[in-house]
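Working notes for the structure below.
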Amino acid sequence: MVAPTLRRIHSPWTQTVDLGDELRAVWSWARRPHLLRRLLPELRQHLSGAPASTAYAFTLFVTWWTLRGVGDSVERRLIFSASTNLYNMQHNPIQVLVASAFWTQGQFPWVTIAEILVVMGFAERWLGTSRWILLFATGHIGATLLTVTAIDHAIDHHVIPVRVQYAADVGTSYGFTAVLAAMAFHFRGVVRALWAGVIVAVLGSALLIGPTFTDYGHMCAALIGLAVGLVASTLWRRIEHLRAEREATSAAPRPATNPLATHPIPMAADHTGPSFLAAQPLSGSDGGSETALHHADDRFDDASSDRAEHRHQ
């Protein structure tokens with residue numbers, strides 16, 4: 001019987017690359033002739049491979065344009081209604097957790113949109129759309145909950161003023177930081193440690209020099225991204241290792257077994273010799289016929305019982 005073939009499952013968390021090879025490939029591509037002519041198709045291919053990041057960047061542009069078309073008072077109300085401050089989290093937590101990631105403050109968010117199209121687009125092409133959305137949402141929601149908890153604790157202990165619970169807090173930075181930190185596990189070797197170390201060092205220095213709750217939220221988001229990457233990569237490597245062992249076991253040739261060696265056939269007894277007949281007891285059913293046979297033989301041997309015409313003269 002042939003063993004069933006195991007279904008191959010590929011996980012992006014185990015598909016690591018070498019940063020040096022990637023940079024050399026990009027440099028070789030850039031040195032080829034007709035760079036500007038090839039740039040637009042490559043950009044189109046990049047955006048088509050990251051539909052969620054492209055749609056997200058377009059949504060940020062739409063919400064920013066909406067704020068520019070209303071008055072200052074309406075803009076403040078819209079931002080406040082979408083802020084993940086302590087007051088809104090106590091009254092409308094789900095609504096503000098979702099809405100806060102789609103609004104930006106200030107001038108046109110050139111940097112934010114470029115980061116999402118380039119960096120988040122690369123992360124989405126690596127992880128896949130569903131994994132990227134899940135990781136981004138985990139970082140955004142997790143860091144927001146930890147920040148709000150810290151604000152509530154600080155207000156209860158009179159460390160910060162009560163008005164902080166009404167502060168505006170919208171943007172994409174928490175989810176972006178979590179994805180950026182998790183991207184360290186796309187690389188192998190020293191680059192992974194350097195990538196994670198630089199992110200933690202930069203955010204940690206900002207938290208030490210001029211600590212704000214936003215800096216605290218960024219640090220929480222980075223740690224969430226690193227934790228998700230560590231757990232996911234370790235789990236999938238273990239799964240692939242077990243799968244390889246099962247495939248090796250099922251593909252290994254099994255030693256041929258001799259049915260005659262395991263189930264020996266008994267030697268056939270000789271039923272023709274006289275010793276066999278002498279050794280066999282008479283059963284109840286065969287005894288009568290056997291006795292009759294002996295009596296018949298006795299009559300044949302007894303000459304006195306023959307008829308007169310059959311006797312030898």
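Identifiers in the structure tokens: chain A, B, ... in order shown; residue index from 1 per chain; ligand index from 1 in order shown.
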
Could you list, as a PyMOL selection string, every residue within 12 Å of Arg76 in chain A, counting only C-alpha atoms and ignoring same-chain residues fewer than 4 positions away?
chain A and resi 67-68+70-72+80-83+103-106+166-170

Could you give me, as JSON lines, a per-residue list for range 68-136 of chain A showing, wherever an atom lies at most 10 Å from an atom of range 150-153 of chain A, the closest pair of atoms and their distance in Å to one decimal, using only C-alpha atoms and sorting by chain then residue number from low to high?
```
{"residue": "A:Asn85", "atom": "CA", "partner": "A:Ile151", "partner_atom": "CA", "distance": 8.8}
{"residue": "A:Leu86", "atom": "CA", "partner": "A:Asp152", "partner_atom": "CA", "distance": 7.0}
{"residue": "A:Tyr87", "atom": "CA", "partner": "A:Asp152", "partner_atom": "CA", "distance": 9.9}
```

Can you list every residue of range 57-136 of chain A that has an atom at most 12 Å from range 177-180 of chain A, with its nearest atom pair and the distance in Å to one decimal, using only C-alpha atoms, ordered by chain then number, as JSON lines?
```
{"residue": "A:Thr112", "atom": "CA", "partner": "A:Thr177", "partner_atom": "CA", "distance": 12.0}
{"residue": "A:Glu115", "atom": "CA", "partner": "A:Leu180", "partner_atom": "CA", "distance": 10.3}
{"residue": "A:Ile116", "atom": "CA", "partner": "A:Val179", "partner_atom": "CA", "distance": 10.6}
{"residue": "A:Val118", "atom": "CA", "partner": "A:Leu180", "partner_atom": "CA", "distance": 11.6}
{"residue": "A:Val119", "atom": "CA", "partner": "A:Leu180", "partner_atom": "CA", "distance": 7.8}
{"residue": "A:Met120", "atom": "CA", "partner": "A:Val179", "partner_atom": "CA", "distance": 7.5}
{"residue": "A:Gly121", "atom": "CA", "partner": "A:Val179", "partner_atom": "CA", "distance": 10.8}
{"residue": "A:Phe122", "atom": "CA", "partner": "A:Leu180", "partner_atom": "CA", "distance": 10.3}
{"residue": "A:Ala123", "atom": "CA", "partner": "A:Val179", "partner_atom": "CA", "distance": 7.4}
{"residue": "A:Glu124", "atom": "CA", "partner": "A:Val179", "partner_atom": "CA", "distance": 9.4}
{"residue": "A:Trp126", "atom": "CA", "partner": "A:Val179", "partner_atom": "CA", "distance": 11.3}
{"residue": "A:Leu127", "atom": "CA", "partner": "A:Val179", "partner_atom": "CA", "distance": 10.1}
{"residue": "A:Arg131", "atom": "CA", "partner": "A:Val179", "partner_atom": "CA", "distance": 10.3}
{"residue": "A:Trp132", "atom": "CA", "partner": "A:Val179", "partner_atom": "CA", "distance": 7.7}
{"residue": "A:Ile133", "atom": "CA", "partner": "A:Val179", "partner_atom": "CA", "distance": 9.5}
{"residue": "A:Leu134", "atom": "CA", "partner": "A:Val179", "partner_atom": "CA", "distance": 9.9}
{"residue": "A:Leu135", "atom": "CA", "partner": "A:Val179", "partner_atom": "CA", "distance": 6.4}
{"residue": "A:Phe136", "atom": "CA", "partner": "A:Val179", "partner_atom": "CA", "distance": 6.0}
```

Please, which residues of range 134-196 of chain A, numbered as in this document, come out alpha helix (DSSP H) from DSSP, as an MDAnalysis selection string?
chainID A and resid 134:156 173:182 190:196

Give me the residues within 10 Å of His186 in chain A as a list in words, counting only C-alpha atoms and dropping any in the same chain fewer than 2 places off.
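Listing them by chain and then by number gives Pro12, Trp13, Thr14, Gln15, Thr16, Val17, Asp18, Leu19, Ala123, Trp126, Leu127, Ala182, Met183, Ala184, Arg188, Val191, Arg192, Gly229 and Ser233 of chain A.
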
Can you tell me, as a list in words, what residues are no more than 6 Å from range 213-217 of chain A when counting only C-alpha atoms, ignoring any on the same chain fewer than 2 positions away?
Ala143, Thr147, Leu207, Met219 and Cys220 of chain A

Spatial neighbours of Ile239 in chain A, 12 Å, only C-alpha atoms, chain gap at least 5 places, as JSON, numbers by chain
{"A": [8, 9, 10, 11, 13, 14, 232, 233, 234, 244, 245, 246]}

Save out the residues we just selected, C-alpha atoms, as a PDB file, in the first residue's frame.
```pdb
ATOM      1  CA  ARG A   8       3.055  20.825   1.076  1.00  0.00           C
ATOM      2  CA  ILE A   9       2.381  24.022   3.045  1.00  0.00           C
ATOM      3  CA  HIS A  10       4.704  26.948   2.483  1.00  0.00           C
ATOM      4  CA  SER A  11       4.964  29.598   5.186  1.00  0.00           C
ATOM      5  CA  TRP A  13       7.941  33.023   8.066  1.00  0.00           C
ATOM      6  CA  THR A  14      10.472  30.369   7.065  1.00  0.00           C
ATOM      7  CA  ALA A 232       5.397  32.420  14.048  1.00  0.00           C
ATOM      8  CA  SER A 233       8.850  31.589  12.661  1.00  0.00           C
ATOM      9  CA  THR A 234       9.625  29.129  15.471  1.00  0.00           C
ATOM     10  CA  ALA A 244      10.079  16.465   6.691  1.00  0.00           C
ATOM     11  CA  GLU A 245      10.512  13.652   9.183  1.00  0.00           C
ATOM     12  CA  ARG A 246       7.141  12.149   8.246  1.00  0.00           C
TER      13      ARG A 246
END
```
